[in-house]
Each structure stands twice: as C-alpha cells, then as structure tokens.
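target.txt, holding compact mmCIF, C-alpha atoms:
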```txt
# COMPACT_ATOMS: atom_id res chain seq x y z
CA MET A 562 33.69 15.82 -24.93
CA PHE A 563 30.26 17.27 -24.16
CA LEU A 564 29.01 16.59 -27.69
CA GLU A 565 30.37 13.04 -27.62
CA LEU A 566 28.61 12.33 -24.32
CA HIS A 567 25.45 13.99 -25.66
CA ASP A 568 25.40 11.67 -28.68
CA LYS A 569 25.80 8.57 -26.50
CA ILE A 570 22.90 9.36 -24.17
CA GLU A 571 20.52 11.19 -26.50
CA THR A 572 18.34 8.16 -27.29
CA PHE A 573 17.98 7.15 -23.64
CA MET A 574 17.30 10.64 -22.27
CA SER A 575 14.85 11.83 -24.89
CA ARG A 576 11.55 12.31 -23.06
CA SER A 577 8.27 11.27 -24.68
CA THR A 578 5.78 14.01 -23.79
CA SER A 579 3.00 16.00 -25.39
CA ARG A 580 4.21 19.20 -23.76
CA SER A 581 5.77 21.79 -26.07
CA HIS A 582 8.28 22.89 -23.42
CA ALA A 583 9.77 19.51 -22.48
CA LEU A 584 13.41 19.70 -21.42
CA SER A 585 15.87 19.03 -24.19
CA VAL A 586 18.59 16.42 -23.79
CA THR A 587 21.13 19.25 -23.87
CA THR A 588 19.52 21.02 -20.90
CA GLN A 589 19.20 17.77 -18.96
CA LEU A 590 22.88 17.00 -19.51
CA VAL A 591 24.03 20.51 -18.61
CA VAL A 592 21.95 20.49 -15.41
CA THR A 593 23.31 17.10 -14.37
CA LEU A 594 26.94 17.95 -15.11
CA GLN A 595 26.76 21.30 -13.36
CA PHE A 596 25.18 19.74 -10.27
CA LEU A 597 27.83 16.98 -10.12
CA ALA A 598 30.72 19.36 -10.80
CA THR A 599 29.83 22.09 -8.32
CA GLY A 600 28.11 20.20 -5.51
CA SER A 601 25.65 23.08 -5.34
CA PHE A 602 22.03 22.92 -4.17
CA GLN A 603 19.38 21.84 -6.66
CA THR A 604 17.60 25.18 -6.26
CA VAL A 605 20.75 27.05 -7.37
CA VAL A 606 21.30 24.84 -10.41
CA ALA A 607 17.61 24.96 -11.30
CA SER A 608 17.50 28.75 -11.06
CA ALA A 609 20.53 29.09 -13.36
CA HIS A 610 18.66 27.21 -16.08
CA GLY A 611 15.19 28.65 -15.53
CA ILE A 612 13.54 25.47 -14.25
CA SER A 613 11.93 24.50 -10.93
CA GLN A 614 13.73 22.60 -8.19
CA ALA A 615 11.21 19.76 -8.57
CA LEU A 616 12.01 19.40 -12.26
CA CYS A 617 15.74 19.56 -11.51
CA SER A 618 15.29 16.76 -8.98
CA THR A 619 13.38 14.70 -11.54
CA VAL A 620 16.21 15.07 -14.07
CA LEU A 621 18.88 14.07 -11.56
CA GLU A 622 17.09 11.22 -9.78
CA THR A 623 14.73 9.43 -12.14
CA ASP A 624 17.29 9.06 -14.93
CA GLU A 625 19.88 7.78 -12.45
CA HIS A 626 17.62 5.06 -11.02
CA ALA A 627 16.13 4.09 -14.38
CA ALA A 628 19.59 3.71 -15.93
CA TRP A 629 20.78 1.59 -13.01
CA ILE A 630 17.79 -0.78 -13.18
CA ASN A 631 18.10 -1.01 -16.96
CA GLU A 632 21.78 -1.98 -16.62
CA LYS A 633 20.98 -4.76 -14.14
CA PHE A 634 17.76 -6.19 -15.60
CA VAL A 635 17.59 -4.96 -19.23
CA PHE A 636 14.20 -3.36 -18.56
CA PRO A 637 14.37 0.31 -19.59
CA LYS A 638 13.07 3.37 -17.73
CA VAL A 639 11.87 1.60 -14.58
CA LEU A 640 11.42 4.13 -11.77
CA GLY A 641 10.50 1.55 -9.13
CA CYS A 642 8.08 -1.21 -8.15
CA ILE A 643 4.68 -0.83 -6.54
CA ASP A 644 3.15 -3.41 -4.25
CA GLY A 645 0.93 -3.91 -1.22
CA THR A 646 1.57 -5.76 2.03
CA HIS A 647 -0.39 -6.77 5.13
CA ILE A 648 0.54 -4.96 8.35
CA PRO A 649 -1.16 -6.68 11.33
CA ILE A 650 -3.13 -4.61 13.83
CA VAL A 651 -5.35 -5.37 16.80
CA ALA A 652 -9.06 -5.54 16.04
CA PRO A 653 -10.41 -1.98 15.76
CA SER A 654 -13.50 -0.96 17.69
CA THR A 655 -15.32 0.34 14.59
CA ASN A 656 -15.80 -1.32 11.19
CA GLU A 657 -13.90 -4.35 12.47
CA ALA A 658 -14.97 -6.68 9.65
CA ILE A 659 -13.37 -4.67 6.81
CA TYR A 660 -9.92 -5.08 8.42
CA VAL A 661 -9.99 -8.89 8.32
CA ASN A 662 -7.77 -10.25 5.53
CA ARG A 663 -7.87 -13.57 3.69
CA LYS A 664 -5.68 -15.15 6.38
CA SER A 665 -8.30 -14.24 8.98
CA PHE A 666 -6.35 -11.66 10.98
CA HIS A 667 -6.81 -7.89 11.15
CA SER A 668 -4.48 -5.77 9.05
CA ILE A 669 -3.92 -2.63 7.01
CA ASN A 670 -3.22 -2.88 3.28
CA VAL A 671 -0.09 -0.74 2.93
CA GLN A 672 0.95 0.30 -0.58
CA ALA A 673 4.56 1.25 -1.20
CA ILE A 674 6.69 2.24 -4.19
CA TYR A 675 10.35 1.35 -3.83
CA ASP A 676 13.48 1.43 -5.96
CA ASP A 677 16.36 -0.93 -6.73
CA ILE A 678 18.28 -0.06 -3.55
CA PHE A 679 15.27 -0.91 -1.30
CA LYS A 680 14.42 2.74 -0.69
CA PHE A 681 10.77 3.71 -0.25
CA ILE A 682 9.70 6.39 -2.73
CA ASP A 683 6.06 6.62 -1.65
CA VAL A 684 3.94 4.98 1.08
CA VAL A 685 0.14 4.91 1.47
CA VAL A 686 -1.04 3.88 4.94
CA LYS A 687 -4.76 4.37 5.46
CA TRP A 688 -6.82 1.61 3.84
CA PRO A 689 -8.36 -1.52 5.42
CA ASP A 690 -7.04 -4.83 4.16
CA SER A 691 -10.24 -5.49 2.22
CA THR A 692 -9.41 -2.54 -0.08
CA HIS A 693 -8.23 -3.63 -3.54
CA ASP A 694 -4.73 -2.64 -4.67
CA ALA A 695 -6.07 -0.98 -7.83
CA PHE A 696 -8.36 1.28 -5.79
CA ILE A 697 -5.49 2.29 -3.47
CA TRP A 698 -3.38 3.21 -6.51
CA ARG A 699 -6.17 5.29 -8.06
CA GLN A 700 -6.65 7.22 -4.81
CA SER A 701 -2.95 7.59 -3.99
CA GLY A 702 -1.42 11.05 -3.89
CA ILE A 703 1.28 10.23 -6.44
CA ASN A 704 -1.24 8.95 -9.01
CA LEU A 705 -3.51 11.97 -8.52
CA LYS A 706 -0.55 14.32 -8.95
CA ILE A 707 0.57 12.53 -12.12
CA THR A 708 -2.99 12.61 -13.53
CA SER A 709 -3.48 16.29 -12.72
CA LYS A 710 0.04 17.12 -13.98
CA GLU A 711 0.84 18.66 -10.59
CA ILE A 712 4.26 17.01 -10.83
CA PRO A 713 6.42 16.83 -13.99
CA ILE A 714 5.60 14.10 -16.48
CA LEU A 715 7.61 11.05 -15.45
CA ASP A 716 9.85 9.62 -18.14
CA GLY A 717 9.41 6.02 -17.15
CA TRP A 718 7.07 3.73 -15.27
CA PHE A 719 6.43 1.78 -12.12
CA LEU A 720 6.04 -2.00 -12.23
CA GLY A 721 2.98 -3.52 -10.56
CA ASP A 722 1.58 -7.04 -10.42
CA SER A 723 -1.62 -8.18 -12.13
CA ASP A 724 -3.78 -6.61 -9.40
CA TYR A 725 -2.94 -3.17 -10.77
CA PRO A 726 -4.36 -1.48 -13.89
CA LEU A 727 -2.22 -0.78 -16.95
CA ARG A 728 -1.56 2.97 -17.11
CA PRO A 729 0.93 5.29 -18.91
CA ASN A 730 3.19 5.31 -15.81
CA LEU A 731 2.28 1.84 -14.53
CA MET A 732 3.24 -1.38 -16.31
CA THR A 733 1.83 -4.82 -15.49
CA PRO A 734 2.67 -8.37 -16.69
CA LEU A 735 0.90 -9.99 -19.62
CA LEU A 736 -1.52 -12.62 -18.33
CA SER A 737 -1.33 -14.86 -21.40
CA PRO A 738 1.88 -14.19 -23.37
CA VAL A 739 1.86 -15.85 -26.80
CA THR A 740 4.53 -14.38 -29.07
CA PRO A 741 8.30 -14.57 -28.37
CA ARG A 742 8.30 -10.78 -27.82
CA GLU A 743 5.54 -11.05 -25.22
CA ARG A 744 7.37 -13.85 -23.41
CA ARG A 745 10.61 -11.82 -23.39
CA TYR A 746 8.70 -8.89 -21.91
CA ASN A 747 7.27 -11.04 -19.13
CA ARG A 748 10.66 -12.58 -18.33
CA ALA A 749 12.32 -9.18 -18.03
CA PHE A 750 9.35 -7.81 -16.09
CA LEU A 751 9.22 -10.64 -13.56
CA LYS A 752 13.00 -10.73 -13.14
CA THR A 753 13.04 -7.03 -12.32
CA ARG A 754 10.18 -7.25 -9.83
CA LYS A 755 11.43 -10.45 -8.18
CA THR A 756 14.84 -8.99 -7.46
CA ILE A 757 13.66 -5.79 -5.84
CA GLU A 758 10.30 -6.84 -4.39
CA CYS A 759 12.12 -8.31 -1.36
CA THR A 760 12.06 -4.77 0.09
CA PHE A 761 9.06 -5.66 2.24
CA GLY A 762 10.88 -8.74 3.53
CA ILE A 763 13.90 -6.67 4.54
CA TRP A 764 11.64 -4.08 6.16
CA LYS A 765 9.71 -6.66 8.17
CA SER A 766 12.87 -8.47 9.23
CA ARG A 767 14.23 -5.20 10.57
CA TRP A 768 10.97 -4.25 12.32
CA ARG A 769 9.37 -7.47 13.55
CA SER A 770 6.17 -5.77 14.69
CA MET A 771 5.33 -5.21 11.02
CA ASP A 772 4.94 -8.97 10.50
CA LYS A 773 2.34 -11.32 12.02
CA THR A 774 5.15 -13.48 13.46
CA GLY A 775 6.14 -10.50 15.59
CA GLY A 776 2.64 -9.83 16.93
CA SER A 777 0.31 -6.96 16.05
CA LEU A 778 0.70 -3.21 16.32
CA CYS A 779 -1.41 -1.82 19.15
CA TYR A 780 -2.59 1.20 17.17
CA SER A 781 -5.91 2.33 15.82
CA PRO A 782 -6.02 2.48 12.02
CA GLU A 783 -6.07 6.29 12.26
CA GLY A 784 -2.91 6.38 14.40
CA LEU A 785 -0.92 3.85 12.40
CA GLN A 786 0.23 6.04 9.50
CA THR A 787 2.85 8.09 11.36
CA ASN A 788 4.32 5.01 13.04
CA LEU A 789 4.74 3.09 9.77
CA ILE A 790 6.23 6.02 7.87
CA LEU A 791 8.78 6.61 10.63
CA HIS A 792 9.78 2.93 10.62
CA GLY A 793 9.93 2.76 6.84
CA THR A 794 12.26 5.74 6.52
CA SER A 795 14.60 4.89 9.40
```

So, in terms of structure tokens, how does the structure I just supplied come out?
Amino acid sequence: MFLELHDKIETFMSRSTSRSHALSVTTQLVVTLQFLATGSFQTVVASAHGISQALCSTVLETDEHAAWINEKFVFPKVLGCIDGTHIPIVAPSTNEAIYVNRKSFHSINVQAIYDDIFKFIDVVVKWPDSTHDAFIWRQSGINLKITSKEIPILDGWFLGDSDYPLRPNLMTPLLSPVTPRERRYNRAFLKTRKTIECTFGIWKSRWRSMDKTGGSLCYSPEGLQTNLILHGTS
C-alpha cells in the first residue's frame, strides 16, 4: 500500500532544488504518515528522521495547502497569495506627506500573504502608503529568509499582482498574453487570486476600524504593528 501511494504522489511531491540533500519523496511520505498516524509532535517525528522541526513543518503544511489549491483551481504548487491593502490612520506628526495615499487619506501599506482558507501566513506592517509593493516584498522578512536560505527552499510559489516582481517563489500575471498557453496561464492565475484575495474584505468586515468606512486607527505608525497583527490573527 505504501509503494502504491508513493507511485501516485511521486510526480507531485518531487522537489526541484539545487541542494544535494533535498528530502526524497519516500522520506516526505514517511514523515507525513507517521505524523498523521501517531498524533505526535513535529519535533518528535522530525528527530526520528534526522530532520529539523522547521523542515518537518514545511513537508506537512506546504504540500497540504498546495494540493488543496491545485484541486480547486488547477494551478499547481500555490502556497498562497500576496497583496497589499490600505489601513487608515490619523495624520502622523512627522513625515505626514508620505502617508497620504492616492485617495487622499493617511494610511499604512500593509502587505500580507494568505492561503486558501483566508489564513494569514505573513504580515508586514511598517511602511507608509507611498511605499511600492515591490519594495515591501524585497525588504520583507520572508523574502530575505528565502534569499539567504535561512528557511528551507519552498517547493511552490506565491501569487502576486503585476505590482510585484517575477521571482523563483513569486509568480505574476502575464501583461500581454498572446499564445493559447499564455492565456490559459492567466485564466488559471486570475481565477486563483480572485477567489482567495477576498481575505482582506473578510478581515475588514470583521474589524471595521481597518477600513476607511469605519474611521481611522488612532495610532502612530510605530505603534500600529502590534495592533494589526493581533487583529489579523484573532
């Protein structure tokens, strides 16, 4: 039964990486089955197979979410979507002009990565609204950790809009699709993002102070990060 299951998932779970010690499909499957069968802690399962807890978590979580998104939208190995949103604030006392957005009110440009069940994976809350999305991504902790290989190589990618740069772990839409293949890519891409990009809408409906219709948060830009993270993970 193990070999039969192994054959069915081998193509999907094979990880493209330049590292010589990438986890084999066999190890990934054994780790996953042992974790599900025993209900043990990730650290215990990881130790039994000579890998770190972080790598064990990557095996268990990223494959699960990527498979689920692929089943729904036919877009393989999507780990989540990345996007920015305006969070209104009162006019700060310093550098006031850089917090004015294109709609002429003061706000923070909050970048978030979220998955298909509207769960936030990563949140960046520290940049004025005038800051470009691509710059926020480049300076974000998750991008720096991926670039420096501080975290395991991700077998998949995040989906961003055309404001983001195309990177090994970040896919963007084609601006001028010509061939049938390019048009199919864009359709699958946009369908995936459209369905799960409503996360911000759900978040702001739940916490009205995050939307301009609910007023503005009476926090300084420096004191806003903790408040937003607490609301986003509640």

If we count all atoms listed in the file, what is near Pro734 in chain A at a cut-off of 12 Å, once residues fewer than 4 positions away on the same chain are taken out, given as number ranges by chain?
-> A: 719-727, 738, 743-754

Kindly extract all protein, DNA and RNA residues lying within 12 Å of the coordinates (-13.5, -1.5, 14.0) given in the file, considering all atoms listed in the file, and supply them as a VMD selection string.
-> chain A and resid 650 to 661 667 to 669 689 780 to 783

Between CA of Asp644 in chain A and CA of Met732 in chain A, measure the distance and give it in Å to one decimal.
->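 Pair CA of Asp644 in chain A / CA of Met732 in chain A returns 12.2 Å.
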
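Among A:Ile612, A:Ile712, A:Leu584, A:Val671, the residue with the shortest atom-to-atom distance to Thr692 in chain A, counting all atoms listed in the file, is A:Val671.
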
Find the residues with any atom within 10 Å of (5.2, -0.4, -6.2); use only C-alpha atoms and the coordinates as given in the file, and write the answer as an NGL selection string.
-> :A and (640-645 or 672-676 or 681-684 or 698 or 719-722 or 725 or 731 or 754 or 758)

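Here the question is which of A:Asp716, A:Asp690, A:Asp568, A:Asp772 gets nearest to Asn662 in chain A using all atoms listed in the file, and that residue is A:Asp690.
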
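Our summary of the geometry notes that CA of Ala695 in chain A is positioned 28.5 Å from CA of Pro741 in chain A.
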
Residue among A:Val739, A:Val586, A:Met771, A:Leu594 lying closest to Ile570 in chain A, counting only C-alpha atoms =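 Of A:Val739, A:Val586, A:Met771, A:Leu594, the one nearest Ile570 in chain A is A:Val586, counting only C-alpha atoms.
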
For CA of Trp768 in chain A and CA of Arg663 in chain A, the interatomic separation in Å (one decimal) = 22.7 Å

Could you give me the centre and size, in Å to one decimal, of an axis-aligned box around all listed atoms of range 646-657 of chain A with 3 Å added on every side, as AutoDock Vina command-line options?
```
--center_x -7.1 --center_y -3.2 --center_z 9.9 --size_x 23.4 --size_y 13.1 --size_z 21.7
```
